[in-house]
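> Sharing model.cif, mmCIF, C-alpha atoms:
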data_coords
#
loop_
_atom_site.label_atom_id
_atom_site.label_comp_id
_atom_site.auth_asym_id
_atom_site.auth_seq_id
_atom_site.Cartn_x
_atom_site.Cartn_y
_atom_site.Cartn_z
CA MET Q 1 20.22 3.41 -10.85
CA GLU Q 2 17.36 3.84 -13.29
CA SER Q 3 15.42 0.73 -14.31
CA PHE Q 4 13.22 0.21 -17.33
CA VAL Q 5 10.98 -2.79 -17.86
CA SER Q 6 10.13 -3.88 -21.37
CA VAL Q 7 7.93 -6.75 -22.49
CA SER Q 8 7.38 -7.83 -26.06
CA ALA Q 9 4.25 -9.43 -27.46
CA LEU Q 10 5.48 -13.01 -27.07
CA ALA Q 11 3.70 -16.14 -25.83
CA SER Q 12 3.38 -16.67 -22.09
CA LYS Q 13 6.51 -18.79 -21.54
CA GLU Q 14 8.67 -16.42 -23.55
CA ARG Q 15 7.25 -13.39 -21.69
CA TYR Q 16 8.19 -14.92 -18.36
CA GLU Q 17 11.69 -15.71 -19.64
CA GLU Q 18 11.98 -12.10 -20.74
CA ILE Q 19 10.64 -10.53 -17.53
CA ILE Q 20 12.53 -12.62 -14.94
CA PRO Q 21 15.96 -11.04 -15.58
CA GLN Q 22 14.29 -7.62 -15.54
CA ILE Q 23 12.69 -8.39 -12.16
CA GLU Q 24 16.06 -9.53 -10.84
CA SER Q 25 17.58 -6.26 -12.05
CA LEU Q 26 14.78 -4.17 -10.48
CA ILE Q 27 15.33 -5.64 -7.03
CA ALA Q 28 19.13 -5.93 -7.16
CA GLY Q 29 20.73 -3.65 -4.62
CA GLU Q 30 17.45 -2.36 -3.12
CA ARG Q 31 16.82 -3.44 0.46
CA ASP Q 32 13.32 -2.06 1.05
CA THR Q 33 10.66 -4.80 0.97
CA THR Q 34 7.79 -2.50 -0.03
CA ALA Q 35 9.75 -0.91 -2.86
CA ASN Q 36 10.85 -4.28 -4.21
CA LEU Q 37 7.41 -5.90 -4.04
CA ALA Q 38 5.86 -2.80 -5.67
CA ASN Q 39 8.29 -3.04 -8.58
CA VAL Q 40 7.78 -6.78 -8.94
CA ALA Q 41 3.99 -6.29 -8.98
CA ALA Q 42 4.26 -3.59 -11.63
CA ALA Q 43 6.63 -5.63 -13.81
CA LEU Q 44 4.47 -8.76 -13.59
CA LYS Q 45 1.30 -6.80 -14.36
CA LEU Q 46 3.01 -5.39 -17.42
CA ALA Q 47 4.13 -8.86 -18.50
CA LEU Q 48 0.74 -10.52 -17.97
CA GLY Q 49 -1.22 -7.65 -19.45
CA ALA Q 50 -4.98 -8.07 -19.64
CA ARG Q 51 -4.76 -11.67 -18.37
CA ALA Q 52 -4.21 -10.22 -14.89
CA SER Q 53 -7.08 -8.06 -13.68
CA TRP Q 54 -5.42 -7.83 -10.24
CA LEU Q 55 -1.91 -8.76 -9.18
CA GLY Q 56 -0.20 -8.25 -5.88
CA PHE Q 57 1.09 -9.44 -2.57
CA TYR Q 58 -0.53 -10.28 0.73
CA LEU Q 59 1.96 -10.29 3.60
CA LEU Q 60 1.67 -12.35 6.77
CA LYS Q 61 1.30 -10.05 9.78
CA ARG Q 62 0.20 -11.21 13.24
CA GLY Q 63 -1.27 -14.44 11.88
CA GLU Q 64 -3.27 -13.00 8.98
CA LEU Q 65 -2.61 -11.90 5.42
CA VAL Q 66 -2.59 -8.12 4.93
CA VAL Q 67 -2.66 -6.51 1.49
CA GLY Q 68 0.72 -5.27 0.30
CA PRO Q 69 1.90 -3.73 -2.98
CA PHE Q 70 -0.46 -4.47 -5.86
CA GLN Q 71 -1.74 -3.42 -9.28
CA GLY Q 72 -5.49 -3.24 -9.85
CA LYS Q 73 -8.72 -2.27 -8.12
CA PRO Q 74 -8.86 -1.72 -4.35
CA ALA Q 75 -8.53 -5.07 -2.57
CA CYS Q 76 -9.63 -6.90 0.55
CA VAL Q 77 -7.32 -5.63 3.27
CA ARG Q 78 -7.14 -8.68 5.56
CA ILE Q 79 -7.55 -12.39 4.86
CA ALA Q 80 -7.50 -15.08 7.56
CA LEU Q 81 -5.27 -18.09 7.04
CA GLY Q 82 -7.32 -20.89 5.50
CA LYS Q 83 -9.95 -18.49 4.09
CA GLY Q 84 -10.39 -17.93 0.36
CA VAL Q 85 -7.81 -18.89 -2.22
CA CYS Q 86 -5.05 -16.74 -0.68
CA GLY Q 87 -5.64 -18.02 2.83
CA ALA Q 88 -5.81 -21.64 1.62
CA SER Q 89 -2.57 -21.29 -0.36
CA ALA Q 90 -0.86 -19.73 2.65
CA GLU Q 91 -2.13 -22.36 5.08
CA GLN Q 92 -1.25 -25.27 2.76
CA ARG Q 93 2.00 -23.62 1.63
CA LYS Q 94 1.32 -24.64 -1.94
CA THR Q 95 0.43 -22.95 -5.21
CA LEU Q 96 -3.26 -23.05 -6.03
CA ILE Q 97 -4.66 -22.60 -9.53
CA VAL Q 98 -8.40 -21.99 -9.49
CA PRO Q 99 -9.98 -22.08 -12.98
CA ASP Q 100 -13.34 -20.80 -11.69
CA VAL Q 101 -13.31 -18.94 -8.37
CA ASN Q 102 -17.08 -19.32 -8.04
CA LYS Q 103 -16.53 -23.05 -7.56
CA PHE Q 104 -13.86 -22.62 -4.86
CA PRO Q 105 -15.32 -23.30 -1.40
CA GLY Q 106 -15.10 -20.17 0.73
CA HIS Q 107 -13.95 -17.87 -2.09
CA ILE Q 108 -13.75 -14.27 -0.89
CA PHE Q 109 -15.47 -11.88 -3.31
CA CYS Q 110 -13.21 -8.82 -3.27
CA ASP Q 111 -13.79 -8.17 -6.98
CA PRO Q 112 -16.99 -9.42 -8.64
CA ASP Q 113 -15.17 -9.39 -12.02
CA SER Q 114 -12.61 -11.97 -10.86
CA LYS Q 115 -13.22 -15.32 -12.55
CA SER Q 116 -9.98 -17.30 -12.03
CA GLU Q 117 -6.93 -17.04 -9.81
CA ILE Q 118 -3.45 -18.34 -9.06
CA VAL Q 119 -1.83 -17.90 -5.66
CA VAL Q 120 1.81 -18.71 -4.87
CA PRO Q 121 3.07 -18.85 -1.28
CA LEU Q 122 6.21 -16.87 -0.41
CA ILE Q 123 8.48 -18.80 1.94
CA CYS Q 124 11.84 -17.60 3.28
CA ASP Q 125 14.02 -19.93 5.37
CA GLY Q 126 11.04 -22.22 5.94
CA ASP Q 127 8.79 -19.41 7.17
CA LEU Q 128 5.72 -18.20 5.29
CA PHE Q 129 5.85 -14.43 4.83
CA GLY Q 130 3.04 -13.94 2.31
CA VAL Q 131 1.53 -14.87 -1.03
CA LEU Q 132 1.65 -13.63 -4.61
CA ASP Q 133 -1.93 -13.41 -5.87
CA VAL Q 134 -3.00 -13.02 -9.50
CA ASP Q 135 -6.66 -12.71 -10.53
CA SER Q 136 -8.17 -12.72 -14.00
CA SER Q 137 -11.53 -11.60 -15.35
CA SER Q 138 -11.44 -14.70 -17.62
CA LEU Q 139 -12.14 -18.29 -16.65
CA ASN Q 140 -9.21 -20.74 -16.85
CA ALA Q 141 -6.67 -17.94 -17.29
CA PHE Q 142 -3.77 -19.71 -15.55
CA ASP Q 143 -1.98 -22.99 -16.15
CA GLU Q 144 1.13 -24.99 -15.27
CA VAL Q 145 3.36 -22.56 -17.21
CA ASP Q 146 2.15 -19.72 -14.99
CA GLN Q 147 2.66 -21.91 -11.94
CA GLN Q 148 6.22 -22.82 -12.95
CA TYR Q 149 7.31 -19.25 -13.63
CA LEU Q 150 5.44 -17.54 -10.81
CA GLN Q 151 6.96 -20.05 -8.38
CA ARG Q 152 10.36 -19.23 -9.85
CA ILE Q 153 9.71 -15.52 -9.26
CA ALA Q 154 8.51 -16.30 -5.72
CA ASP Q 155 11.78 -18.20 -5.13
CA ILE Q 156 13.78 -15.20 -6.36
CA ILE Q 157 11.87 -12.91 -4.00
CA SER Q 158 12.21 -15.33 -1.09
CA HIS Q 159 15.96 -15.69 -1.62
CA ARG Q 160 16.42 -11.92 -1.77
CA MET Q 161 14.15 -11.26 1.25
CA LYS Q 162 16.96 -12.31 3.58
CA SER Q 163 18.73 -9.01 2.87
CA TRP Q 164 15.63 -6.76 2.80
CA THR Q 165 14.40 -4.54 5.62
#
Give the structure from this file in structure tokens form.

Amino acid sequence: MESFVSVSALASKERYEEIIPQIESLIAGERDTTANLANVAAALKLALGARASWLGFYLLKRGELVVGPFQGKPACVRIALGKGVCGASAEQRKTLIVPDVNKFPGHIFCDPDSKSEIVVPLICDGDLFGVLDVDSSSLNAFDEVDQQYLQRIADIISHRMKSWT
């Protein structure tokens, strides 16, 4: 089945409403975790455009977060739980919006151009399996609308993960 993702030049909320069914279509019927997360990362990067300088997944492996499918510059490969924004989000199992990463205690400087960040934990059947991380080269790039929709996308992924290999 061939998939095509299309995003119009709408406001943030409308873009998310437009991209969510397309993400669901991209991952429907595919059981490979890497393939699905790669397509979700690509679709979200397309939807967020220049607001997202880096977007991707870190997956929990042997007690640490390891970089997974992403869009953007090369990334930090491993992040300890509790370290940086990703590690803090994973450890706390809650979404973190950081308007200025330079003011976040213990921020990990993978990309010196990163100014703000949102990280959403991915939880399947009560178990943390990773995080969705979005960075921006602008301060205050993310808000409650991003949180609401990215958490919705994380829930879609988490629900589907049960059938992935």
> Skipping near chain neighbours, those fewer than 5 positions away, what residues fall within 7 Å of Asn140 of chain Q using all atoms listed in the file, listed as a list in words?
Pro99, Asp100 and Ser116 of chain Q
> May I ask which of the residues Q:Ser137, Q:Asn102, Q:Gln92, Q:Gln147 is the closest one to Ile118 of chain Q, counting all atoms listed in the file?
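Result for the nearest residue to Ile118 of chain Q: Q:Gln147.
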> Need the shell around Ala90 of chain Q: protein/DNA/RNA residues with any atom at most 8 Å away, counting all atoms listed in the file. Skip same-chain ones fewer than 4 positions apart. Format as number ranges by chain?
Q: 81-82, 86, 94, 121, 128, 130-131
> Save the residues we just selected, C-alpha atoms, as an mmCIF file, keeping the file's coordinate frame?

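again.cif, freshly written:
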data_model
loop_
_atom_site.group_PDB
_atom_site.id
_atom_site.type_symbol
_atom_site.label_atom_id
_atom_site.label_comp_id
_atom_site.auth_asym_id
_atom_site.auth_seq_id
_atom_site.Cartn_x
_atom_site.Cartn_y
_atom_site.Cartn_z
ATOM 1 C CA LEU Q 81 -5.270 -18.090 7.040
ATOM 2 C CA GLY Q 82 -7.320 -20.890 5.500
ATOM 3 C CA CYS Q 86 -5.050 -16.740 -0.680
ATOM 4 C CA LYS Q 94 1.320 -24.640 -1.940
ATOM 5 C CA PRO Q 121 3.070 -18.850 -1.280
ATOM 6 C CA LEU Q 128 5.720 -18.200 5.290
ATOM 7 C CA GLY Q 130 3.040 -13.940 2.310
ATOM 8 C CA VAL Q 131 1.530 -14.870 -1.030
#
> Pro69 of chain Q: which residues within 7 Å, counting only C-alpha atoms, same-chain residues fewer than 4 positions away excluded, as an mmCIF file with C-alpha atoms, keeping the file's coordinate frame?

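Writing done, so here's part.cif:
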data_model
loop_
_atom_site.group_PDB
_atom_site.id
_atom_site.type_symbol
_atom_site.label_atom_id
_atom_site.label_comp_id
_atom_site.auth_asym_id
_atom_site.auth_seq_id
_atom_site.Cartn_x
_atom_site.Cartn_y
_atom_site.Cartn_z
ATOM 1 C CA THR Q 34 7.790 -2.500 -0.030
ATOM 2 C CA LEU Q 37 7.410 -5.900 -4.040
ATOM 3 C CA ALA Q 38 5.860 -2.800 -5.670
ATOM 4 C CA ALA Q 41 3.990 -6.290 -8.980
ATOM 5 C CA GLY Q 56 -0.200 -8.250 -5.880
ATOM 6 C CA PHE Q 57 1.090 -9.440 -2.570
#
> Mind checking which residues fall within 10 Å of Ala75 of chain Q, counting all atoms listed in the file, ignoring those fewer than 5 positions away in the same chain, and posting them as a list in words?
Trp54, Gly56, Val67, Gly68, Phe70, Phe109, Cys110 and Asp111 of chain Q
> In Å to one decimal, how far is atom CA of Ser114 of chain Q from atom CA of Arg62 of chain Q?
27.3 Å
> Need the shell around Glu24 of chain Q: protein/DNA/RNA residues with any atom at most 10 Å away, counting only C-alpha atoms. Skip same-chain ones fewer than 3 positions apart. Format as an NGL selection string?
:Q and (19-21 or 27-29 or 36 or 40 or 153 or 156-157 or 160)
> Considering all atoms listed in the file, can you say which of Q:Ile123, Q:Ala52, Q:Val98, Q:Ile108 comes closest to Ile79 of chain Q?
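Among the listed residues, the smallest separation from Ile79 of chain Q belongs to Q:Ile108.
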> Using 8 Å of padding on each side, determine the axis-aligned box around all atoms of segment 52-60 of chain Q present in the file and give its centre and edge lengths in Å to one decimal, as JSON.

{"center_x": -2.6, "center_y": -10.1, "center_z": -4.1, "size_x": 25.0, "size_y": 20.5, "size_z": 37.7}
> Which of these, Q:Ala88, Q:Ala47, Q:Cys124, Q:Val134, has the shortest distance to Glu64 of chain Q once you count only C-alpha atoms?
Q:Ala88
> Can you work out which one of Q:Leu60, Q:Ala35, Q:Ala42, Q:Leu48 has the shortest atom-to-atom distance to Asp127 of chain Q, counting all atoms listed in the file?
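Closest candidate: Q:Leu60.
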> Report, in Å to a single decimal, how far apart atom CA of Leu132 of chain Q and atom CA of His159 of chain Q are.
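Distance between the two atoms: 14.8 Å.
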> Pick out the closest residue to Gly126 of chain Q from this set: Q:Val66, Q:Phe104, Q:Ser158, Q:Leu139. Count all atoms listed in the file.
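Going through Q:Val66, Q:Phe104, Q:Ser158, Q:Leu139 one by one, the smallest distance to Gly126 of chain Q is for Q:Ser158.
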